[in-house]
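File shown: work-v3.pdb. Contents: PDB, C-alpha atoms.
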```
ATOM      1  CA  MET J   1      14.147  -7.634 -10.487
ATOM      2  CA  GLU J   2      16.300  -9.472  -7.950
ATOM      3  CA  GLN J   3      19.076  -6.881  -8.386
ATOM      4  CA  ILE J   4      16.627  -4.000  -7.975
ATOM      5  CA  SER J   5      15.146  -5.605  -4.843
ATOM      6  CA  GLN J   6      18.655  -6.015  -3.436
ATOM      7  CA  MET J   7      19.352  -2.348  -4.141
ATOM      8  CA  PHE J   8      16.184  -1.364  -2.216
ATOM      9  CA  LEU J   9      17.212  -3.551   0.723
ATOM     10  CA  GLN J  10      20.661  -1.962   0.822
ATOM     11  CA  PHE J  11      19.010   1.461   0.735
ATOM     12  CA  ILE J  12      16.830   0.591   3.752
ATOM     13  CA  ASP J  13      19.780  -1.001   5.539
ATOM     14  CA  ALA J  14      21.848   2.166   5.085
ATOM     15  CA  TYR J  15      19.255   4.904   5.600
ATOM     16  CA  GLY J  16      16.618   3.278   7.799
ATOM     17  CA  TYR J  17      13.464   5.323   8.338
ATOM     18  CA  ILE J  18      14.217   7.771   5.518
ATOM     19  CA  ALA J  19      14.529   4.896   3.046
ATOM     20  CA  VAL J  20      11.277   3.323   4.279
ATOM     21  CA  ALA J  21       9.480   6.653   3.773
ATOM     22  CA  VAL J  22      10.980   7.222   0.310
ATOM     23  CA  LEU J  23      10.221   3.707  -0.948
ATOM     24  CA  MET J  24       6.673   3.713   0.448
ATOM     25  CA  ALA J  25       6.147   7.068  -1.284
ATOM     26  CA  MET J  26       7.349   5.497  -4.540
ATOM     27  CA  GLU J  27       5.003   2.520  -4.139
ATOM     28  CA  ASN J  28       1.981   4.724  -3.466
ATOM     29  CA  ALA J  29       2.961   7.023  -6.345
ATOM     30  CA  CYS J  30       2.357   3.975  -8.614
ATOM     31  CA  ILE J  31       6.000   2.954  -9.035
ATOM     32  CA  PRO J  32       6.087  -0.841  -8.554
ATOM     33  CA  VAL J  33       7.988  -1.309  -5.297
ATOM     34  CA  PRO J  34       6.299  -4.069  -3.222
ATOM     35  CA  SER J  35       5.296  -2.922   0.261
ATOM     36  CA  GLU J  36       5.934  -6.496   1.447
ATOM     37  CA  LEU J  37       9.599  -5.983   0.536
ATOM     38  CA  ILE J  38       9.887  -2.565   2.213
ATOM     39  CA  LEU J  39       7.858  -3.220   5.353
ATOM     40  CA  GLY J  40       8.818  -6.873   5.651
ATOM     41  CA  PHE J  41      12.509  -5.957   5.777
ATOM     42  CA  ALA J  42      11.767  -3.050   8.130
ATOM     43  CA  GLY J  43       9.993  -5.586  10.361
ATOM     44  CA  TYR J  44      13.109  -7.722  10.321
ATOM     45  CA  LEU J  45      15.199  -4.680  11.313
ATOM     46  CA  ILE J  46      12.818  -4.117  14.238
ATOM     47  CA  PHE J  47      13.304  -7.792  15.149
ATOM     48  CA  ALA J  48      17.079  -7.186  15.007
ATOM     49  CA  GLU J  49      16.631  -4.071  17.233
ATOM     50  CA  ARG J  50      17.906  -1.727  14.540
ATOM     51  CA  MET J  51      14.567   0.080  14.208
ATOM     52  CA  THR J  52      11.563   0.688  16.416
ATOM     53  CA  PHE J  53       8.005  -0.288  15.523
ATOM     54  CA  THR J  54       6.770   3.265  16.118
ATOM     55  CA  GLY J  55       9.492   4.828  13.979
ATOM     56  CA  ALA J  56       8.928   2.368  11.121
ATOM     57  CA  ILE J  57       5.164   2.801  11.092
ATOM     58  CA  VAL J  58       5.477   6.602  11.135
ATOM     59  CA  ALA J  59       8.001   6.494   8.276
ATOM     60  CA  GLY J  60       5.851   4.053   6.296
ATOM     61  CA  MET J  61       2.686   6.089   6.777
ATOM     62  CA  LEU J  62       4.337   9.436   5.970
ATOM     63  CA  GLY J  63       5.817   8.013   2.774
ATOM     64  CA  GLY J  64       2.610   6.231   1.830
ATOM     65  CA  MET J  65       0.489   9.336   2.343
ATOM     66  CA  ALA J  66       2.927  11.498   0.367
ATOM     67  CA  GLY J  67       2.932   9.051  -2.549
ATOM     68  CA  SER J  68      -0.863   8.764  -2.495
ATOM     69  CA  ILE J  69      -1.256  12.555  -2.553
ATOM     70  CA  PHE J  70       1.135  12.754  -5.494
ATOM     71  CA  ALA J  71      -0.804  10.091  -7.446
ATOM     72  CA  TYR J  72      -4.106  11.811  -6.616
ATOM     73  CA  ALA J  73      -2.687  15.136  -7.872
ATOM     74  CA  VAL J  74      -1.480  13.509 -11.104
ATOM     75  CA  GLY J  75      -4.926  12.002 -11.641
ATOM     76  CA  ALA J  76      -6.743  15.232 -10.806
ATOM     77  CA  THR J  77      -4.593  17.530 -12.939
ATOM     78  CA  GLY J  78      -3.513  15.277 -15.815
ATOM     79  CA  GLY J  79      -6.543  13.014 -16.114
ATOM     80  CA  ARG J  80      -6.759   9.535 -17.565
ATOM     81  CA  LYS J  81      -5.353  10.510 -20.972
ATOM     82  CA  PHE J  82      -2.187  11.878 -19.376
ATOM     83  CA  VAL J  83      -1.673   8.713 -17.297
ATOM     84  CA  ASP J  84      -2.304   6.422 -20.283
ATOM     85  CA  ARG J  85       0.130   8.404 -22.424
ATOM     86  CA  TYR J  86       3.006   8.936 -19.992
ATOM     87  CA  GLY J  87       2.508   6.282 -17.320
ATOM     88  CA  LYS J  88       4.527   3.686 -19.220
ATOM     89  CA  TYR J  89       7.670   5.779 -18.654
ATOM     90  CA  PHE J  90       7.192   5.252 -14.910
ATOM     91  CA  PHE J  91       6.311   1.528 -15.143
ATOM     92  CA  VAL J  92       2.577   2.215 -14.732
ATOM     93  CA  LYS J  93       0.656  -0.509 -16.552
ATOM     94  CA  LYS J  94      -2.636   0.428 -18.187
ATOM     95  CA  SER J  95      -4.138  -2.875 -17.006
ATOM     96  CA  HIS J  96      -3.374  -1.958 -13.385
ATOM     97  CA  VAL J  97      -4.990   1.461 -13.774
ATOM     98  CA  ASP J  98      -7.996  -0.239 -15.406
ATOM     99  CA  LEU J  99      -8.308  -2.590 -12.425
ATOM    100  CA  ALA J 100      -8.211   0.293  -9.945
ATOM    101  CA  GLN J 101     -10.712   2.207 -12.086
ATOM    102  CA  ARG J 102     -13.151  -0.736 -12.028
ATOM    103  CA  TRP J 103     -12.917  -0.880  -8.243
ATOM    104  CA  PHE J 104     -13.503   2.838  -7.972
ATOM    105  CA  ASP J 105     -16.419   2.776 -10.432
ATOM    106  CA  LYS J 106     -18.050  -0.016  -8.443
ATOM    107  CA  TYR J 107     -17.496   1.220  -4.879
ATOM    108  CA  GLY J 108     -16.826   4.939  -5.215
ATOM    109  CA  VAL J 109     -14.798   6.683  -2.527
ATOM    110  CA  ARG J 110     -15.117   3.631  -0.237
ATOM    111  CA  ALA J 111     -12.724   1.848  -2.609
ATOM    112  CA  VAL J 112      -9.979   4.230  -1.446
ATOM    113  CA  PHE J 113     -10.284   2.637   2.009
ATOM    114  CA  PHE J 114     -10.835  -1.052   1.200
ATOM    115  CA  SER J 115      -8.430  -1.297  -1.734
ATOM    116  CA  ARG J 116      -5.459  -0.291   0.443
ATOM    117  CA  MET J 117      -5.446  -3.912   1.595
ATOM    118  CA  LEU J 118      -5.585  -5.473  -1.887
ATOM    119  CA  PRO J 119      -2.671  -6.388  -4.154
ATOM    120  CA  VAL J 120      -2.075  -4.093  -7.153
ATOM    121  CA  VAL J 121      -5.237  -2.024  -6.551
ATOM    122  CA  ARG J 122      -3.819  -0.441  -3.373
ATOM    123  CA  THR J 123      -0.979   1.071  -5.387
ATOM    124  CA  PHE J 124      -3.152   2.582  -8.123
ATOM    125  CA  ILE J 125      -6.447   3.545  -6.430
ATOM    126  CA  SER J 126      -5.324   7.162  -5.916
ATOM    127  CA  LEU J 127      -5.356   7.741  -9.682
ATOM    128  CA  PRO J 128      -9.097   7.135 -10.285
ATOM    129  CA  ALA J 129      -9.831   9.060  -7.084
ATOM    130  CA  GLY J 130      -7.934  11.948  -8.672
ATOM    131  CA  PHE J 131      -9.692  11.484 -12.026
ATOM    132  CA  ALA J 132     -13.024  11.822 -10.185
ATOM    133  CA  HIS J 133     -11.830  14.806  -8.107
ATOM    134  CA  VAL J 134     -12.897  13.070  -4.886
ATOM    135  CA  ASN J 135     -13.226  15.456  -1.926
ATOM    136  CA  PHE J 136      -9.577  15.815  -0.853
ATOM    137  CA  PRO J 137     -10.019  15.697   2.972
ATOM    138  CA  LYS J 138     -12.192  12.584   2.553
ATOM    139  CA  PHE J 139      -9.533  11.061   0.275
ATOM    140  CA  LEU J 140      -6.872  11.702   2.932
ATOM    141  CA  LEU J 141      -9.028  10.218   5.694
ATOM    142  CA  PHE J 142      -9.872   7.051   3.747
ATOM    143  CA  THR J 143      -6.279   6.653   2.578
ATOM    144  CA  PHE J 144      -4.929   6.959   6.120
ATOM    145  CA  ALA J 145      -7.576   4.641   7.595
ATOM    146  CA  GLY J 146      -6.955   1.975   4.946
ATOM    147  CA  SER J 147      -3.156   2.230   4.913
ATOM    148  CA  LEU J 148      -2.526   2.147   8.666
ATOM    149  CA  PRO J 149      -3.699  -1.431   9.372
ATOM    150  CA  TRP J 150      -1.906  -2.795   6.287
ATOM    151  CA  THR J 151       1.348  -1.030   7.213
ATOM    152  CA  ALA J 152       1.144  -2.254  10.812
ATOM    153  CA  LEU J 153       0.283  -5.815   9.745
ATOM    154  CA  ILE J 154       3.210  -6.224   7.339
ATOM    155  CA  LEU J 155       5.651  -4.692   9.823
ATOM    156  CA  TYR J 156       4.383  -7.018  12.549
ATOM    157  CA  ALA J 157       4.587 -10.013  10.205
ATOM    158  CA  GLY J 158       8.214  -9.082   9.447
ATOM    159  CA  ILE J 159       8.932  -8.973  13.181
ATOM    160  CA  LEU J 160       7.302 -12.368  13.782
ATOM    161  CA  LEU J 161       9.104 -14.005  10.857
ATOM    162  CA  GLY J 162      12.461 -12.484  11.822
ATOM    163  CA  GLU J 163      15.206 -13.835   9.591
ATOM    164  CA  ASN J 164      12.554 -15.575   7.471
ATOM    165  CA  TRP J 165      10.872 -12.256   6.580
ATOM    166  CA  LYS J 166      11.337 -12.922   2.830
ATOM    167  CA  TYR J 167       8.529 -15.456   3.113
ATOM    168  CA  LEU J 168       6.238 -12.403   2.925
ATOM    169  CA  LEU J 169       7.270 -11.883  -0.695
ATOM    170  CA  GLU J 170       5.972 -15.358  -1.548
ATOM    171  CA  ILE J 171       2.639 -14.999   0.279
ATOM    172  CA  GLY J 172       1.997 -11.288  -0.328
ATOM    173  CA  HIS J 173      -1.297 -11.737  -2.214
ATOM    174  CA  GLU J 174      -2.477 -14.448   0.171
ATOM    175  CA  ALA J 175      -1.643 -12.183   3.128
ATOM    176  CA  SER J 176      -3.934  -9.527   1.646
ATOM    177  CA  ILE J 177      -6.803 -12.008   1.370
ATOM    178  CA  ILE J 178      -6.272 -13.315   4.924
ATOM    179  CA  PHE J 179      -6.177  -9.753   6.236
ATOM    180  CA  ILE J 180      -9.425  -8.810   4.474
ATOM    181  CA  VAL J 181     -11.203 -11.945   5.738
ATOM    182  CA  ALA J 182      -9.996 -11.184   9.283
ATOM    183  CA  CYS J 183     -11.251  -7.581   9.012
ATOM    184  CA  VAL J 184     -14.663  -8.738   7.752
ATOM    185  CA  ILE J 185     -14.980 -11.211  10.649
ATOM    186  CA  ILE J 186     -13.981  -8.570  13.214
ATOM    187  CA  LEU J 187     -16.406  -6.008  11.759
ATOM    188  CA  ALA J 188     -19.211  -8.597  11.692
ATOM    189  CA  VAL J 189     -18.591  -9.536  15.338
ATOM    190  CA  LEU J 190     -18.572  -5.852  16.377
ATOM    191  CA  TYR J 191     -21.744  -5.196  14.390
ATOM    192  CA  PHE J 192     -23.684  -8.085  15.958
ATOM    193  CA  ARG J 193     -22.459  -7.178  19.446
ATOM    194  CA  LYS J 194     -23.693  -3.628  18.946
ATOM    195  CA  ARG J 195     -27.091  -4.882  17.734
ATOM    196  CA  ARG J 196     -27.451  -6.998  20.848
TER     197      ARG J 196
END
```

Final structure tokens representation of the file:
Amino acid sequence: MEQISQMFLQFIDAYGYIAVAVLMAMENACIPVPSELILGFAGYLIFAERMTFTGAIVAGMLGGMAGSIFAYAVGATGGRKFVDRYGKYFFVKKSHVDLAQRWFDKYGVRAVFFSRMLPVVRTFISLPAGFAHVNFPKFLLFTFAGSLPWTALILYAGILLGENWKYLLEIGHEASIIFIVACVIILAVLYFRKRR
């Protein structure tokens, strides 16, 4: 895994925005490439003035949306049986699909938004959305709205950490939880202010 991660880092180092887009597409197409690795390193490159924040976030979002659309299409056209049968050839674990399916069954299309900030589920949630043939424009909207804050947060964390950006790989799951708690607090504050 260390060698593969190093290969991804070299790819980003050599091809910049294109590599960020390609790797984020892979992650969102259910191929296990950690977004903390991709965006954390991109954040470091912004810190080192070799990328811009705007360029990195555009590349990350374009890749992420493309990968999500691909996974949705696979789910919608192939169905669960297809994914269970052939997913293993693309490193898709049945247990991960099951987890995403449970989230989707419980929360419906809203899971497409909220799960973008959760470990493992964010990568696989497009599949059950495809299985259920969720309204495609709504899927795109929820995917974009959920992916944008996560992409921006990890990039910004990479910038703040600078040369210590690899710390993100150690706290990736915890970062997701902190981010969700922060979002809940912000939404609660906005809600109570509006009620007043």

When you count all atoms listed in the file, which of these residues is closest to J:Ala14: J:Met51, J:Leu140, J:Val33, J:Met26?
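For J:Ala14, the nearest of the candidates is J:Met51.
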
Separation of atom CA of J:Ile125 from atom CA of J:Asp105 in Å
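Spanning atom CA of J:Asp105 to atom CA of J:Ile125 is a straight-line distance of 10.8 Å.
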
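Each of J:Met117, J:Ala129, J:Val134, J:Leu9 was checked against J:Ala100 using all atoms listed in the file; the smallest atom-to-atom distance is that of J:Ala129.
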
Wanna dump the stretch 111-153 of chain J-stretch 37-49 of chain J contacts at 12 Å for me, each residue with its shortest atom pair and the distance in Å to one decimal, counting all atoms listed in the file, ordered by chain and number, as JSON lines?
```
{"residue": "J:Trp150", "atom": "CA", "partner": "J:Leu39", "partner_atom": "CA", "distance": 9.8}
{"residue": "J:Thr151", "atom": "CA", "partner": "J:Leu39", "partner_atom": "CA", "distance": 7.1}
{"residue": "J:Ala152", "atom": "CA", "partner": "J:Leu39", "partner_atom": "CA", "distance": 8.7}
{"residue": "J:Leu153", "atom": "CA", "partner": "J:Leu39", "partner_atom": "CA", "distance": 9.1}
```

Store the residues of this selection in a file with C-alpha atoms, as a JSON list (two decimals), in the coordinates of the input.
```
[["chain", "number", "residue", "atom", "x", "y", "z"],
["J", 150, "TRP", "CA", -1.91, -2.80, 6.29],
["J", 151, "THR", "CA", 1.35, -1.03, 7.21],
["J", 152, "ALA", "CA", 1.14, -2.25, 10.81],
["J", 153, "LEU", "CA", 0.28, -5.82, 9.74]]
```

Which residues are close to J:Glu36, i.e. within 8 Å by only C-alpha atoms, leaving aside same-chain residues fewer than 5 positions away? Reply as a PyMOL selection string.
chain J and resi 41+154+168-169+172

Take the residues from that selection and write them out as an mmCIF file, in the frame of the given file, keeping C-alpha atoms.
```cif
data_model
loop_
_atom_site.group_PDB
_atom_site.id
_atom_site.type_symbol
_atom_site.label_atom_id
_atom_site.label_comp_id
_atom_site.auth_asym_id
_atom_site.auth_seq_id
_atom_site.Cartn_x
_atom_site.Cartn_y
_atom_site.Cartn_z
ATOM 1 C CA PHE J 41 12.509 -5.957 5.777
ATOM 2 C CA ILE J 154 3.210 -6.224 7.339
ATOM 3 C CA LEU J 168 6.238 -12.403 2.925
ATOM 4 C CA LEU J 169 7.270 -11.883 -0.695
ATOM 5 C CA GLY J 172 1.997 -11.288 -0.328
#
```

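When atom CA of J:Ile31 is paired with atom CA of J:Tyr89, their separation reads 10.2 Å.
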
Which residue out of J:Trp103, J:Tyr17, J:Tyr191, J:Phe113 has the minimum interatomic distance to J:Val58 when all atoms listed in the file are used?
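Closest to J:Val58 of all the choices is J:Tyr17.
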
Who sits within 10 Å of stretch 75-83 of chain J, all atoms listed in the file, same chain under 3 positions skipped, as a compact mmCIF listing (two decimals) with C-alpha atoms, in the frame of the given file:
```
# COMPACT_ATOMS: atom_id res chain seq x y z
CA ILE J 69 -1.26 12.56 -2.55
CA PHE J 70 1.14 12.75 -5.49
CA ALA J 71 -0.80 10.09 -7.45
CA TYR J 72 -4.11 11.81 -6.62
CA TYR J 86 3.01 8.94 -19.99
CA GLY J 87 2.51 6.28 -17.32
CA LYS J 88 4.53 3.69 -19.22
CA TYR J 89 7.67 5.78 -18.65
CA PHE J 90 7.19 5.25 -14.91
CA VAL J 92 2.58 2.22 -14.73
CA LYS J 93 0.66 -0.51 -16.55
CA LYS J 94 -2.64 0.43 -18.19
CA VAL J 97 -4.99 1.46 -13.77
CA GLN J 101 -10.71 2.21 -12.09
CA SER J 126 -5.32 7.16 -5.92
CA LEU J 127 -5.36 7.74 -9.68
CA PRO J 128 -9.10 7.14 -10.28
CA ALA J 129 -9.83 9.06 -7.08
CA GLY J 130 -7.93 11.95 -8.67
CA PHE J 131 -9.69 11.48 -12.03
CA ALA J 132 -13.02 11.82 -10.18
CA HIS J 133 -11.83 14.81 -8.11
CA VAL J 134 -12.90 13.07 -4.89
```

Measuring atom to atom with only C-alpha atoms, identify which of J:Gly108, J:Pro119, J:Gly162, J:Gly55 is nearest to J:Lys138.
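For J:Lys138, the nearest of the given residues is J:Gly108.
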
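For the atom pair formed by atom CA of J:Met65 and atom CA of J:Leu148, the distance is 10.0 Å, given to one decimal.
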
Determine the residue set returned by the PyMOL selection byres ((chain J and resi 146) around 12) for the present structure, and present it as a PyMOL selection string.
chain J and resi 61+64-65+68+109-118+122-123+125+139-145+147-153+179-180+183

Pick from J:Leu155, J:Asp13, J:Lys106, J:Arg50: nearest to J:Ser35, with all atoms listed in the file counted?
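Smallest separation from J:Ser35 among the options: J:Leu155.
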
Which one of J:Ala56, J:Asn164, J:Glu27, J:Pro34 sits closest to J:Tyr15 if you count only C-alpha atoms?
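That would be J:Ala56, the residue with the smallest distance to J:Tyr15.
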
Could you give me the axis-aligned bounding box of stretch 59-67 of chain J, with 4 Å of padding per side, as centre plus edge lengths in Å to one decimal, as JSON?
```
{"center_x": 4.2, "center_y": 7.8, "center_z": 2.9, "size_x": 15.5, "size_y": 15.4, "size_z": 18.8}
```
